[in-house]
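Student: File start.txt below, compact mmCIF, C-alpha atoms:
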# COMPACT_ATOMS: atom_id res chain seq x y z
CA MET A 1 3.30 -20.09 -3.51
CA ALA A 2 2.47 -16.61 -2.21
CA SER A 3 5.45 -15.07 -0.46
CA VAL A 4 7.30 -11.95 0.60
CA LEU A 5 9.81 -11.01 -2.08
CA SER A 6 11.42 -8.23 -0.07
CA VAL A 7 10.98 -6.09 3.04
CA ASN A 8 11.62 -2.40 2.33
CA VAL A 9 12.05 0.48 4.76
CA GLY A 10 13.26 4.05 4.76
CA LEU A 11 13.14 7.22 6.83
CA PRO A 12 11.86 10.59 5.57
CA LYS A 13 14.26 12.64 3.47
CA VAL A 14 14.13 15.55 1.04
CA ILE A 15 13.04 14.32 -2.40
CA GLY A 16 12.69 17.64 -4.21
CA VAL A 17 11.50 21.23 -4.09
CA ARG A 18 7.90 22.44 -4.57
CA ARG A 19 6.77 26.05 -4.53
CA GLY A 20 10.16 27.07 -3.21
CA GLU A 21 10.10 24.66 -0.27
CA GLU A 22 11.90 21.37 0.26
CA VAL A 23 9.61 18.34 0.14
CA LEU A 24 10.14 15.72 2.83
CA SER A 25 8.92 12.17 2.19
CA GLY A 26 9.43 8.61 3.37
CA ILE A 27 8.55 7.15 -0.04
CA ASP A 28 12.12 6.04 -0.77
CA LYS A 29 12.03 2.49 0.62
CA ARG A 30 14.95 0.08 0.11
CA PRO A 31 15.16 -3.70 0.62
CA VAL A 32 16.83 -4.92 3.81
CA ASP A 33 18.58 -8.20 4.54
CA GLY A 34 17.42 -10.60 7.22
CA ARG A 35 14.31 -10.33 9.32
CA LEU A 36 12.79 -7.07 10.49
CA ALA A 37 10.38 -6.51 13.36
CA ILE A 38 6.96 -4.93 13.11
CA ARG A 39 6.26 -3.13 16.35
CA GLY A 40 3.17 -0.99 16.92
CA THR A 41 2.26 0.51 13.56
CA SER A 42 5.48 0.21 11.56
CA PHE A 43 8.60 -1.73 10.73
CA GLU A 44 11.70 -0.92 12.71
CA GLY A 45 13.72 1.66 10.81
CA ASP A 46 10.77 2.90 8.79
CA GLY A 47 9.03 6.26 8.88
CA GLN A 48 6.66 8.65 7.13
CA ALA A 49 6.81 12.41 6.71
CA SER A 50 3.08 13.16 6.38
CA LEU A 51 1.43 11.21 9.16
CA ASP A 52 -2.02 12.48 8.20
CA LEU A 53 -1.69 10.72 4.83
CA HIS A 54 0.50 7.72 5.64
CA GLY A 55 1.20 5.59 8.69
CA GLY A 56 -0.86 5.05 11.81
CA PRO A 57 -3.02 2.02 12.65
CA ASP A 58 -5.01 2.03 9.40
CA MET A 59 -2.02 2.60 7.10
CA ALA A 60 0.64 0.76 9.06
CA ILE A 61 2.22 -1.43 6.37
CA TYR A 62 2.00 -0.95 2.61
CA ALA A 63 2.12 -3.99 0.32
CA TYR A 64 2.60 -4.01 -3.45
CA ALA A 65 2.72 -6.97 -5.80
CA ALA A 66 5.82 -7.72 -7.85
CA GLU A 67 3.45 -8.71 -10.65
CA ASP A 68 2.07 -5.16 -10.70
CA SER A 69 5.58 -3.74 -10.62
CA ALA A 70 6.44 -5.88 -13.65
CA TRP A 71 3.36 -4.51 -15.43
CA TRP A 72 4.52 -0.96 -14.66
CA ALA A 73 8.00 -1.72 -15.95
CA GLN A 74 6.45 -2.63 -19.30
CA GLN A 75 4.13 0.37 -19.33
CA LEU A 76 6.81 2.89 -18.38
CA GLY A 77 9.75 1.28 -20.14
CA ARG A 78 11.94 1.46 -17.04
CA GLU A 79 13.12 -0.77 -14.24
CA ILE A 80 10.85 -0.93 -11.19
CA THR A 81 12.86 -2.14 -8.20
CA PRO A 82 11.38 -3.50 -4.94
CA GLY A 83 10.18 -0.60 -2.81
CA MET A 84 9.89 1.75 -5.80
CA PHE A 85 6.25 2.52 -5.05
CA GLY A 86 7.05 3.16 -1.40
CA GLU A 87 5.88 -0.28 -0.33
CA ASN A 88 7.15 -1.98 2.81
CA LEU A 89 6.35 -5.44 1.45
CA THR A 90 6.95 -6.46 -2.14
CA THR A 91 4.98 -9.67 -2.60
CA SER A 92 4.97 -12.49 -5.11
CA GLY A 93 1.83 -14.48 -5.88
CA VAL A 94 -0.37 -12.08 -3.90
CA ASP A 95 -3.00 -9.92 -5.61
CA CYS A 96 -2.64 -6.94 -3.29
CA SER A 97 -5.05 -4.75 -5.25
CA GLY A 98 -7.56 -7.59 -5.56
CA ALA A 99 -7.43 -8.38 -1.84
CA VAL A 100 -10.71 -8.09 0.08
CA ILE A 101 -11.02 -5.37 2.71
CA GLY A 102 -10.73 -7.08 6.09
CA GLU A 103 -9.01 -10.27 4.93
CA ARG A 104 -6.12 -11.35 7.15
CA TRP A 105 -2.68 -12.53 6.12
CA ALA A 106 -0.13 -14.52 8.10
CA LEU A 107 3.51 -13.76 7.26
CA GLY A 108 5.83 -15.74 9.49
CA GLU A 109 4.70 -14.87 13.01
CA VAL A 110 2.95 -11.66 11.92
CA VAL A 111 -0.77 -11.25 11.20
CA LEU A 112 -1.88 -8.28 9.06
CA GLU A 113 -5.35 -7.14 7.96
CA VAL A 114 -6.11 -5.63 4.56
CA CYS A 115 -7.41 -2.16 5.29
CA GLN A 116 -7.54 0.38 2.44
CA PRO A 117 -5.94 1.36 -0.88
CA ARG A 118 -3.03 3.67 -1.35
CA LEU A 119 -4.13 6.93 -3.03
CA PRO A 120 -1.29 8.72 -4.83
CA CYS A 121 -0.17 12.27 -4.12
CA TYR A 122 2.28 14.60 -5.87
CA LYS A 123 5.21 13.03 -4.00
CA LEU A 124 4.87 9.88 -6.10
CA GLY A 125 5.43 12.04 -9.16
CA MET A 126 8.50 13.64 -7.58
CA HIS A 127 9.88 10.24 -6.61
CA PHE A 128 9.46 8.94 -10.17
CA GLN A 129 10.52 12.29 -11.61
CA ASP A 130 7.37 12.09 -13.73
CA PRO A 131 4.25 14.06 -12.72
CA THR A 132 2.09 12.04 -15.13
CA ILE A 133 2.51 8.92 -12.96
CA LEU A 134 -0.24 10.15 -10.61
CA LYS A 135 -2.92 9.98 -13.29
CA GLN A 136 -1.53 6.73 -14.65
CA PHE A 137 -1.43 5.16 -11.19
CA THR A 138 -5.04 6.15 -10.50
CA GLN A 139 -6.38 4.92 -13.82
CA ALA A 140 -4.48 1.62 -13.66
CA SER A 141 -6.50 0.42 -10.62
CA ARG A 142 -3.38 -1.20 -9.16
CA PRO A 143 -3.18 0.75 -5.86
CA GLY A 144 -1.69 -1.85 -3.55
CA ALA A 145 -2.93 -2.46 -0.02
CA TYR A 146 -2.43 -0.73 3.29
CA LEU A 147 -2.49 -3.22 6.16
CA ARG A 148 -3.34 -3.06 9.85
CA VAL A 149 -1.10 -4.87 12.35
CA VAL A 150 -3.10 -7.55 14.17
CA GLN A 151 -0.14 -9.45 15.61
CA GLU A 152 3.41 -8.12 15.89
CA GLY A 153 6.53 -10.08 15.01
CA THR A 154 9.29 -10.31 12.45
CA VAL A 155 9.08 -10.64 8.66
CA GLY A 156 11.73 -11.52 6.13
CA ALA A 157 12.07 -12.16 2.41
CA GLY A 158 10.93 -15.70 1.61
CA ASP A 159 8.17 -15.81 4.23
CA THR A 160 4.99 -17.35 2.88
CA VAL A 161 1.82 -15.26 2.79
CA GLU A 162 -1.20 -17.25 3.93
CA VAL A 163 -4.75 -15.90 3.79
CA LEU A 164 -6.21 -16.76 7.19
CA SER A 165 -9.70 -15.37 6.59
CA ARG A 166 -11.62 -13.43 3.97
CA PRO A 167 -14.93 -11.57 4.49
CA ASP A 168 -17.88 -12.52 2.31
CA HIS A 169 -18.72 -8.97 1.19
CA GLY A 170 -16.15 -9.18 -1.61
CA VAL A 171 -15.19 -5.48 -1.56
CA THR A 172 -11.65 -5.27 -2.89
CA ILE A 173 -8.88 -2.74 -2.49
CA ALA A 174 -9.18 -1.82 -6.19
CA LEU A 175 -12.94 -1.30 -5.94
CA VAL A 176 -12.54 1.12 -3.03
CA ALA A 177 -9.82 3.02 -4.88
CA ASP A 178 -11.99 3.25 -7.98
CA ALA A 179 -14.99 4.41 -5.93
CA LEU A 180 -12.92 7.16 -4.34
CA GLN A 181 -11.13 8.33 -7.48
CA LEU A 182 -12.72 7.15 -10.72
CA ASP A 183 -16.38 6.20 -10.33
CA HIS A 184 -18.33 7.54 -7.37
CA ALA A 185 -21.27 5.34 -8.40
CA LEU A 186 -19.34 2.49 -6.78
CA ALA A 187 -19.47 4.17 -3.36
CA ALA A 188 -22.47 2.27 -2.00
CA GLN A 189 -20.89 -1.04 -2.99
CA ALA A 190 -17.57 -0.07 -1.40
CA LEU A 191 -19.35 0.81 1.85
CA GLN A 192 -20.45 -2.81 2.21
CA ALA A 193 -17.04 -3.44 3.85
CA PRO A 194 -17.45 -2.69 7.58
CA GLU A 195 -13.69 -2.97 8.08
CA LEU A 196 -13.05 0.21 6.09
CA PRO A 197 -11.47 2.96 8.22
CA ALA A 198 -13.52 6.02 9.14
CA GLY A 199 -11.65 8.35 6.76
CA PRO A 200 -12.36 6.68 3.42
CA ALA A 201 -15.80 5.55 4.62
CA ALA A 202 -16.77 9.15 5.32
CA LYS A 203 -15.65 10.20 1.83
CA LEU A 204 -17.62 7.37 0.24
CA ARG A 205 -20.80 8.34 2.09
CA GLN A 206 -20.79 11.66 0.22
CA TRP A 207 -21.70 9.76 -2.96
CA ALA A 208 -23.59 6.72 -1.65
Translate this file's structure into structure tokens.
Tutor:
Amino acid sequence: MASVLSVNVGLPKVIGVRRGEEVLSGIDKRPVDGRLAIRGTSFEGDGQASLDLHGGPDMAIYAYAAEDSAWWAQQLGREITPGMFGENLTTSGVDCSGAVIGERWALGEVVLEVCQPRLPCYKLGMHFQDPTILKQFTQASRPGAYLRVVQEGTVGAGDTVEVLSRPDHGVTIALVADALQLDHALAAQALQAPELPAGPAAKLRQWA
């Protein structure tokens, strides 16, 4: 059964130094006990440092599959704990990267909409203390899903994840990520998802 394995939050903090300046990031997410409320565009107690790249209505909640984390643990030869990729929701039995843009999930009393892929930046490399993870993450086509908040409420570990609806266009999170980063020839196909936010849609139109 598809479910929430853990809910992970964290506030921005310094994760390293780049070009002589401290780097602030909210990527360090840790599991919390009990239920946590989603209000507006984030979980209570969660935050992002670069609001132009993370957060807001179209990047409100980030979900990553435990199955993908297990794959990374094998690839990297290291433990990947819940929240390690900066995700708010670590899921089990949910193909986050294979989710269709615009499909809606019910988690407890919350309803979320699959919105766009997570595209890595240098902060992921700092967090992993491995700059090569950016290229690996891109090429693996396991980006995880950013979600819009359709209905607020509380979420806790053990909540089931139910797919309420799924658009017929079939454009997945992974396809959009690949179109943006690996194969621009996929741009026209990715643009078949009307639920895509304006930002990635505008980038895709450069190559469609």
Student: Return the single residue from A:Leu11, A:Ala187, A:Ala145, A:Val161 that is closest to Ala208 (chain A), with distances computed using all atoms listed in the file.
Tutor: A:Ala187
Student: Rounded to one decimal place, report the CA of Ala174 (chain A)-CA of Val155 (chain A) distance in Å.
Tutor: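 Between CA of Ala174 (chain A) and CA of Val155 (chain A) the gap is 25.1 Å.
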Student: Rank nothing, just name the residue among A:Leu204, A:Ala60, A:Ala140, A:Leu191 nearest to Gly40 (chain A), using all atoms listed in the file.
Tutor: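 Of A:Leu204, A:Ala60, A:Ala140, A:Leu191, the one nearest Gly40 (chain A) is A:Ala60, counting all atoms listed in the file.
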Student: Excluding Gly86 (chain A) and its own-chain neighbours fewer than 6 positions away, which residues fall within 6 Å of it when counting only C-alpha atoms? Please give them as a list in words.
Tutor: Ile27, Asp28 and Lys29 of chain A
Student: Given the choices A:Asn8, A:Gln129, A:Gln48, A:Gln116, which gets closest to Gly83 (chain A) if the distance is worked out from all atoms listed in the file?
Tutor: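 Residue with the minimum atom-to-atom distance to Gly83 (chain A): A:Asn8.
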Student: If I take CA of Cys121 (chain A) and CA of Ala66 (chain A), how far is one from the other in Å, to one decimal?
Tutor: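 That distance, rounded to one decimal, is 21.2 Å.
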Student: Kindly indicate which residue among A:Val9, A:Ile133, A:Leu147, A:Ala63 lies nearest to Asp95 (chain A), using all atoms listed in the file for the distances.
Tutor: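 When distances to Asp95 (chain A) are compared using all atoms listed in the file, the smallest one comes from A:Ala63.
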Student: Just checking: using only C-alpha atoms, which residue out of A:Gly55, A:Gly108, A:Gly98, A:Gly34 ends up closest to Gln151 (chain A)?
Tutor: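 Smallest separation from Gln151 (chain A) among the options: A:Gly108.
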Student: Name the closest residue to Thr91 (chain A) among the candidates A:Gln139, A:Leu112, A:Ala157, A:Leu119; distances are taken between atoms, counting only C-alpha atoms.
Tutor: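 Checking each candidate against Thr91 (chain A), we get A:Ala157 as the closest.
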Student: So that I can check the surroundings of Lys203 (chain A), please list as a list in words every protein, DNA and RNA residue that reaches within 12 Å of it, counting all atoms listed in the file and ignoring chain neighbours fewer than 6 positions away.
Tutor: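 Listed by chain and then number, they are Val176, Ala177, Ala179, Leu180, Gln181, His184, Ala187, Ala188, Ala190, Leu191, Leu196 and Pro197 of chain A.
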Student: Contacts of Cys96 (chain A) at 12 Å or less, counting all atoms listed in the file, minus same-chain residues fewer than 5 places along, as a PyMOL selection string?
Tutor: chain A and resi 2-4+62-69+87+89-91+101+103-105+113-118+141-147+161+163+172-174
Student: Between CA of Pro200 (chain A) and CA of Val110 (chain A), measure the distance and give it in Å to one decimal.
Tutor: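 Taking CA of Pro200 (chain A) and CA of Val110 (chain A), their separation equals 25.4 Å.
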Student: Which polymer residues have any atom within 12 Å of an atom of Ile15 (chain A), counting all atoms listed in the file, with same-chain residues fewer than 6 positions away left out, as a PyMOL selection string?
Tutor: chain A and resi 21-28+49+122-129
